[in-house]
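Participant: As input, take final.txt (compact mmCIF, C-alpha atoms):
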# COMPACT_ATOMS: atom_id res chain seq x y z
CA MET A 1 118.08 108.06 100.13
CA ILE A 2 119.30 106.72 103.46
CA LEU A 3 122.87 107.66 102.66
CA ALA A 4 124.94 108.32 105.72
CA ALA A 5 125.53 112.04 105.73
CA SER A 6 129.07 113.19 106.21
CA TYR A 7 128.34 113.89 109.87
CA ASP A 8 126.29 112.07 112.52
CA VAL A 9 127.68 108.69 111.49
CA PRO A 10 126.87 106.86 114.78
CA THR A 11 123.23 107.96 114.79
CA ASN A 12 122.94 107.02 111.15
CA ILE A 13 124.29 103.54 111.87
CA VAL A 14 121.80 103.12 114.73
CA PHE A 15 119.04 104.38 112.49
CA GLY A 16 119.97 102.01 109.68
CA VAL A 17 120.06 98.93 111.90
CA VAL A 18 116.82 99.83 113.69
CA ALA A 19 115.05 100.73 110.44
CA ALA A 20 116.02 97.43 108.81
CA GLY A 21 114.77 95.52 111.86
CA MET A 22 111.53 97.50 111.91
CA ILE A 23 110.78 96.86 108.25
CA TYR A 24 111.46 93.12 108.67
CA ALA A 25 109.28 92.97 111.80
CA ALA A 26 106.50 94.98 110.16
CA ILE A 27 106.46 92.62 107.19
CA ARG A 28 106.26 89.68 109.59
CA VAL A 29 103.33 91.37 111.40
CA VAL A 30 101.28 91.36 108.22
CA THR A 31 102.45 88.00 106.84
CA SER A 32 102.97 85.78 109.90
CA LYS A 33 100.84 82.67 110.01
CA ASN A 34 100.88 82.62 113.79
CA ILE A 35 98.76 85.32 115.35
CA VAL A 36 100.71 85.44 118.63
CA HIS A 37 103.98 85.82 116.71
CA ALA A 38 102.39 88.72 114.83
CA ALA A 39 101.69 90.41 118.17
CA TYR A 40 105.31 89.92 119.29
CA PHE A 41 106.66 91.29 116.01
CA LEU A 42 104.37 94.27 116.58
CA VAL A 43 106.24 94.82 119.87
CA ALA A 44 109.51 94.97 117.90
CA VAL A 45 108.09 97.55 115.49
CA LEU A 46 106.74 99.69 118.33
CA ALA A 47 110.08 99.56 120.17
CA GLY A 48 111.82 100.59 116.95
CA VAL A 49 109.48 103.57 116.65
CA GLY A 50 110.46 104.46 120.23
CA VAL A 51 114.16 104.36 119.26
CA ASN A 52 113.37 106.67 116.34
CA PHE A 53 111.74 109.12 118.75
CA LEU A 54 114.89 109.01 120.88
CA LEU A 55 117.02 109.74 117.81
CA LEU A 56 114.79 112.75 117.17
CA GLN A 57 115.35 113.92 120.77
CA ALA A 58 111.70 113.35 121.69
CA GLU A 59 112.37 111.41 124.88
CA PHE A 60 108.97 112.03 126.46
CA VAL A 61 107.15 110.71 123.39
CA ALA A 62 109.52 107.72 123.35
CA LEU A 63 108.70 106.88 126.97
CA THR A 64 104.98 107.32 126.32
CA GLN A 65 105.35 105.02 123.35
CA VAL A 66 106.87 102.30 125.52
CA LEU A 67 104.35 102.76 128.35
CA VAL A 68 101.16 103.06 126.30
CA TYR A 69 101.89 100.93 123.25
CA ILE A 70 104.14 98.15 124.51
CA GLY A 71 102.76 98.22 128.05
CA ALA A 72 99.05 98.56 127.40
CA ILE A 73 97.98 98.18 123.79
CA VAL A 74 99.95 95.01 123.03
CA VAL A 75 98.62 93.43 126.23
CA LEU A 76 95.13 94.41 125.07
CA PHE A 77 95.85 92.69 121.75
CA LEU A 78 97.00 89.54 123.52
CA PHE A 79 93.80 89.59 125.58
CA GLY A 80 91.82 90.02 122.36
CA ILE A 81 93.61 87.03 120.81
CA MET A 82 92.90 84.96 123.92
CA LEU A 83 89.23 85.95 124.25
CA THR A 84 88.42 85.31 120.60
CA ARG A 85 90.02 81.85 120.92
CA ALA A 86 92.27 82.41 117.95
CA PRO A 87 94.23 79.38 116.77
CA LEU A 88 97.42 79.47 118.82
CA GLY A 89 99.59 77.52 116.41
CA ARG A 90 100.05 77.91 112.69
CA ALA A 91 96.85 78.88 110.93
CA ASP A 92 96.51 79.09 107.18
CA ASP A 93 93.25 81.05 107.05
CA LEU A 94 94.53 84.36 108.42
CA ASP A 95 94.96 85.86 104.95
CA ASN A 96 92.55 86.38 102.12
CA ARG A 97 94.55 84.82 99.31
CA GLN A 98 92.48 86.35 96.53
CA LEU A 99 93.21 89.85 97.78
CA ARG A 100 96.97 89.27 98.11
CA PRO A 101 97.96 90.52 94.62
CA ALA A 102 95.76 93.58 95.08
CA GLY A 103 97.34 94.22 98.49
CA VAL A 104 100.89 93.91 97.16
CA ALA A 105 100.05 96.19 94.22
CA THR A 106 98.46 98.83 96.46
CA ALA A 107 101.36 98.78 98.93
CA LEU A 108 104.00 99.00 96.20
CA LEU A 109 102.13 101.81 94.45
CA LEU A 110 101.89 103.71 97.74
CA VAL A 111 105.60 103.23 98.46
CA VAL A 112 106.59 104.40 94.99
CA ILE A 113 104.34 107.47 95.02
CA LEU A 114 105.28 108.48 98.58
CA ALA A 115 109.01 107.88 98.05
CA TYR A 116 109.00 109.82 94.77
CA THR A 117 107.23 112.76 96.40
CA LEU A 118 109.48 112.71 99.45
CA ILE A 119 112.69 112.43 97.44
CA ARG A 120 111.56 115.23 95.13
CA GLY A 121 110.50 117.43 98.02
CA PHE A 122 112.90 116.86 100.89
CA THR A 123 116.26 115.68 99.53
CA ASP A 124 119.05 117.39 101.46
CA THR A 125 116.69 118.75 104.12
CA ARG A 126 118.68 118.28 107.31
CA LEU A 127 117.22 117.89 110.75
CA THR A 128 117.91 120.84 113.00
CA LEU A 129 118.22 119.23 116.41
CA PRO A 130 119.26 121.46 119.28
CA GLU A 131 122.73 120.83 120.68
CA GLY A 132 123.23 119.46 124.16
CA ALA A 133 120.58 118.67 126.73
CA GLY A 134 117.22 120.04 125.72
CA ARG A 135 114.26 120.67 127.95
CA THR A 136 111.70 118.92 125.75
CA THR A 137 109.64 117.37 128.54
CA ALA A 138 109.17 120.70 130.29
CA ASP A 139 108.33 122.30 126.95
CA ILE A 140 105.72 119.62 126.25
CA GLY A 141 104.14 120.21 129.65
CA ASP A 142 104.02 123.96 129.03
CA ALA A 143 102.51 123.48 125.57
CA ILE A 144 99.88 120.95 126.66
CA PHE A 145 98.66 123.06 129.57
CA SER A 146 98.63 126.38 127.72
CA THR A 147 98.29 126.26 123.94
CA TYR A 148 96.76 122.80 123.69
CA LEU A 149 94.66 122.84 126.87
CA ILE A 150 91.28 122.40 125.16
CA PRO A 151 92.42 119.50 122.92
CA PHE A 152 93.97 117.90 126.00
CA GLU A 153 90.68 118.09 127.91
CA LEU A 154 88.82 116.79 124.86
CA VAL A 155 91.20 113.81 124.67
CA SER A 156 90.51 113.00 128.32
CA MET A 157 86.76 113.10 127.59
CA LEU A 158 87.33 110.86 124.57
CA LEU A 159 89.28 108.34 126.64
CA THR A 160 86.52 108.24 129.28
CA ALA A 161 83.88 107.79 126.60
CA ALA A 162 85.90 105.04 124.91
CA LEU A 163 86.42 103.26 128.23
CA ILE A 164 82.71 103.32 129.08
CA GLY A 165 81.84 102.38 125.51
CA ALA A 166 84.20 99.40 125.55
CA ILE A 167 82.74 98.16 128.84
CA VAL A 168 79.16 98.56 127.56
CA LEU A 169 80.01 96.73 124.33
CA ALA A 170 81.93 93.86 125.87
CA ARG A 171 79.73 93.26 128.92
CA ARG A 172 77.69 90.08 128.99
CA ASP A 173 74.13 90.90 130.01
CA MET B 174 120.66 113.17 109.98
CA LEU B 175 118.47 113.84 107.02
CA LEU B 176 114.74 114.46 107.35
CA ASN B 177 114.09 112.09 104.48
CA GLN B 178 115.37 108.95 106.18
CA PHE B 179 112.62 109.16 108.79
CA LEU B 180 109.95 110.10 106.24
CA LEU B 181 110.88 107.20 103.95
CA LEU B 182 110.86 104.72 106.84
CA ALA B 183 107.41 106.02 107.81
CA ALA B 184 106.20 105.70 104.21
CA ILE B 185 107.35 102.05 104.09
CA LEU B 186 105.69 101.26 107.44
CA PHE B 187 102.48 102.95 106.28
CA SER B 188 102.37 100.88 103.09
CA ILE B 189 103.01 97.63 104.98
CA GLY B 190 100.11 98.56 107.28
CA VAL B 191 97.84 99.21 104.30
CA TYR B 192 98.78 95.79 102.89
CA GLY B 193 97.82 94.22 106.22
CA VAL B 194 94.47 96.00 106.34
CA ILE B 195 93.66 94.80 102.81
CA VAL B 196 94.83 91.20 103.09
CA ARG B 197 94.24 90.07 106.69
CA ARG B 198 90.95 88.38 107.54
CA ASN B 199 91.29 88.15 111.30
CA GLY B 200 89.79 91.21 113.04
CA VAL B 201 92.57 91.47 115.65
CA LEU B 202 95.26 91.36 112.93
CA VAL B 203 93.51 94.18 111.04
CA LEU B 204 93.65 96.30 114.19
CA MET B 205 97.39 95.52 114.49
CA SER B 206 97.92 96.72 110.92
CA ILE B 207 96.09 99.94 111.79
CA GLU B 208 98.57 100.40 114.65
CA LEU B 209 101.42 100.19 112.11
CA ILE B 210 99.78 102.99 110.10
CA LEU B 211 99.29 105.18 113.18
CA ASN B 212 102.92 104.71 114.22
CA ALA B 213 104.13 105.72 110.77
CA VAL B 214 102.14 108.93 111.13
CA ASN B 215 103.68 109.53 114.57
CA ILE B 216 107.21 109.26 113.16
CA ASN B 217 106.26 111.83 110.52
CA LEU B 218 104.80 114.19 113.11
CA VAL B 219 107.87 114.08 115.35
CA ALA B 220 110.30 114.33 112.41
CA PHE B 221 108.57 117.37 110.93
CA GLY B 222 108.13 118.81 114.41
CA THR B 223 111.89 119.12 114.93
CA ALA B 224 111.87 122.20 112.70
CA ASN B 225 108.82 123.79 114.34
CA GLY B 226 109.22 123.72 118.10
CA ILE B 227 107.26 121.31 120.23
CA SER B 228 103.90 121.07 118.41
CA GLY B 229 104.76 117.91 116.51
CA GLN B 230 105.50 115.99 119.69
CA VAL B 231 102.30 117.22 121.36
CA PHE B 232 100.28 116.08 118.35
CA SER B 233 101.94 112.67 118.38
CA LEU B 234 100.98 112.34 122.06
CA PHE B 235 97.38 113.08 121.09
CA VAL B 236 97.59 110.46 118.34
CA ILE B 237 98.86 107.91 120.87
CA ALA B 238 95.94 108.69 123.21
CA VAL B 239 93.37 108.44 120.42
CA ALA B 240 94.97 105.18 119.24
CA ALA B 241 94.57 103.74 122.73
CA ALA B 242 90.88 104.66 122.71
CA GLU B 243 90.50 103.22 119.21
CA VAL B 244 92.06 99.89 120.16
CA GLY B 245 89.85 99.62 123.26
CA VAL B 246 86.62 100.15 121.35
CA GLY B 247 87.85 98.18 118.33
CA LEU B 248 88.71 95.11 120.38
CA ALA B 249 85.35 95.36 122.19
CA ILE B 250 83.61 95.33 118.80
CA VAL B 251 85.72 92.37 117.63
CA LEU B 252 84.82 90.55 120.85
CA LEU B 253 81.12 91.23 120.28
CA ILE B 254 81.38 89.94 116.70
CA TYR B 255 83.06 86.79 118.00
CA ARG B 256 80.34 86.31 120.61
CA ASN B 257 77.54 86.68 118.06
CA ARG B 258 79.05 84.70 115.18
CA ARG B 259 81.70 82.41 116.76
CA SER B 260 84.23 83.81 114.25
CA ILE B 261 86.09 87.06 113.68
CA ASP B 262 86.63 86.54 109.97
CA ILE B 263 85.80 90.00 108.63
CA ASP B 264 85.23 88.63 105.12
CA GLU B 265 82.11 86.87 106.41
CA LEU B 266 80.59 90.13 107.63
CA ASP B 267 78.73 90.89 104.41
CA GLU B 268 75.24 91.59 105.70
CA LEU B 269 75.34 95.15 104.35
CA LYS B 270 75.84 93.78 100.82
CA GLY B 271 72.65 94.10 98.74
Hey, can you dump this file as structure tokens for me?

Facilitator:
Amino acid sequence: MILAASYDVPTNIVFGVVAAGMIYAAIRVVTSKNIVHAAYFLVAVLAGVGVNFLLLQAEFVALTQVLVYIGAIVVLFLFGIMLTRAPLGRADDLDNRQLRPAGVATALLLVVILAYTLIRGFTDTRLTLPEGAGRTTADIGDAIFSTYLIPFELVSMLLTAALIGAIVLARRD
Amino acid sequence: MLLNQFLLLAAILFSIGVYGVIVRRNGVLVLMSIELILNAVNINLVAFGTANGISGQVFSLFVIAVAAAEVGVGLAIVLLIYRNRRSIDIDELDELKG
């Protein structure tokens, strides 16, 4: 599984530490009794995902992750918590207790099935990262504005529509 | 590094997010769990993309943009539910039940 390969030991150590922290923080996101703490643990998970992108030499995606997720989306969540006047201290009614066994069973089943498939399919598949300084950001720019131009424009339309939609929905009239 | 270490981490994150979506009652917390799921998918996209040029990273950027739009509209809906019902407990929203 996450055995340190015979090479790349430093990156594997970083990955192991970050992955353990991410899993702990993710579990706290879905189990924490304090809704603001859940938002802060979400920040930890998102930062860990950014570190994973850096390990995969996707520095532009990592920076976008920090800017968009940690900078914007988490702040939006905190605003949502504030505006819905969520209980700021400990609250015991954040979970549906009756569904908890079903949730644990579903999550465990998913982990087992996914892990079995992945271990069967991709054991010993090594990542082929280019050596030295890449030019990923320039490559992403080239790809977005040539091959993926139409999806890019569609995403900008979607963002505009979502922005207007959110204002229309949340406006008091 | 092995490909599998990233894929397994993403699988675990995805399952934790699914647990949150099933169990949480607060609308904002359900949206947070959905973010966990989307991030797991992004790790998968970038990890698989290392073998196939730049496409994986471009797709993960699109996922991030769509997730931002989703959170904006989702939180607006949660806010509207709160304003109409004084509560964002999604287990109480059972008006579609026959």

Participant: Figure out the distance between CA of Ala238 (chain B) and CA of Val196 (chain B), please, to one decimal in Å.

Facilitator: 26.7 Å

Participant: Tell me as a short mmCIF file (atom, residue, chain, number, x, y, z; two decimals) with C-alpha atoms, in the frame of the given file which residues belonging to chain B come within 7 Å of chain A, counting only C-alpha atoms.

Facilitator:
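After the write, iface_18.cif holds the following:
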data_model
loop_
_atom_site.label_atom_id
_atom_site.label_comp_id
_atom_site.auth_asym_id
_atom_site.auth_seq_id
_atom_site.Cartn_x
_atom_site.Cartn_y
_atom_site.Cartn_z
CA MET B 174 120.66 113.17 109.98
CA LEU B 175 118.47 113.84 107.02
CA LEU B 176 114.74 114.46 107.35
CA ASN B 177 114.09 112.09 104.48
CA GLN B 178 115.37 108.95 106.18
CA LEU B 181 110.88 107.20 103.95
CA LEU B 182 110.86 104.72 106.84
CA ALA B 184 106.20 105.70 104.21
CA ILE B 185 107.35 102.05 104.09
CA LEU B 186 105.69 101.26 107.44
CA SER B 188 102.37 100.88 103.09
CA ILE B 189 103.01 97.63 104.98
CA VAL B 191 97.84 99.21 104.30
CA TYR B 192 98.78 95.79 102.89
CA GLY B 193 97.82 94.22 106.22
CA ILE B 195 93.66 94.80 102.81
CA VAL B 196 94.83 91.20 103.09
CA ARG B 197 94.24 90.07 106.69
CA ARG B 198 90.95 88.38 107.54
CA ASN B 199 91.29 88.15 111.30
CA VAL B 201 92.57 91.47 115.65
CA SER B 206 97.92 96.72 110.92
CA ALA B 220 110.30 114.33 112.41
CA THR B 223 111.89 119.12 114.93
CA ALA B 224 111.87 122.20 112.70
CA ILE B 227 107.26 121.31 120.23
CA GLN B 230 105.50 115.99 119.69
CA VAL B 231 102.30 117.22 121.36
CA LEU B 234 100.98 112.34 122.06
CA ALA B 241 94.57 103.74 122.73
CA ALA B 242 90.88 104.66 122.71
CA GLY B 245 89.85 99.62 123.26
CA VAL B 246 86.62 100.15 121.35
CA LEU B 248 88.71 95.11 120.38
CA ALA B 249 85.35 95.36 122.19
CA ILE B 250 83.61 95.33 118.80
CA LEU B 252 84.82 90.55 120.85
CA LEU B 253 81.12 91.23 120.28
CA TYR B 255 83.06 86.79 118.00
#

Participant: Figure out the distance between CA of Ala47 (chain A) and CA of Ile216 (chain B), please, to one decimal in Å.

Facilitator: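 That distance, rounded to one decimal, is 12.3 Å.
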
Participant: Once you count all atoms listed in the file, which residues end up no further than 6 Å from (103.9, 106.1, 109.7) in the file's frame, shown as a PDB file with C-alpha atoms, keeping the file's coordinate frame?

Facilitator:
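Okay, this is what ended up in point05.pdb:
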ATOM      1  CA  ALA B 183     107.410 106.020 107.810  1.00  0.00           C
ATOM      2  CA  ALA B 184     106.200 105.700 104.210  1.00  0.00           C
ATOM      3  CA  LEU B 186     105.690 101.260 107.440  1.00  0.00           C
ATOM      4  CA  PHE B 187     102.480 102.950 106.280  1.00  0.00           C
ATOM      5  CA  ILE B 210      99.780 102.990 110.100  1.00  0.00           C
ATOM      6  CA  LEU B 211      99.290 105.180 113.180  1.00  0.00           C
ATOM      7  CA  ASN B 212     102.920 104.710 114.220  1.00  0.00           C
ATOM      8  CA  ALA B 213     104.130 105.720 110.770  1.00  0.00           C
ATOM      9  CA  VAL B 214     102.140 108.930 111.130  1.00  0.00           C
ATOM     10  CA  ASN B 215     103.680 109.530 114.570  1.00  0.00           C
ATOM     11  CA  ILE B 216     107.210 109.260 113.160  1.00  0.00           C
TER      12      ILE B 216
END

Participant: What is the distance, in Å and to one decimal place, between CA of Glu208 (chain B) and CA of Val43 (chain A)?

Facilitator: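 It comes out at 10.8 Å.
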
Participant: Can you work out which one of A:Ala25, A:Ile70, A:Gly48, A:Ser146 has the shortest atom-to-atom distance to Ser228 (chain B), counting all atoms listed in the file?

Facilitator: A:Ser146
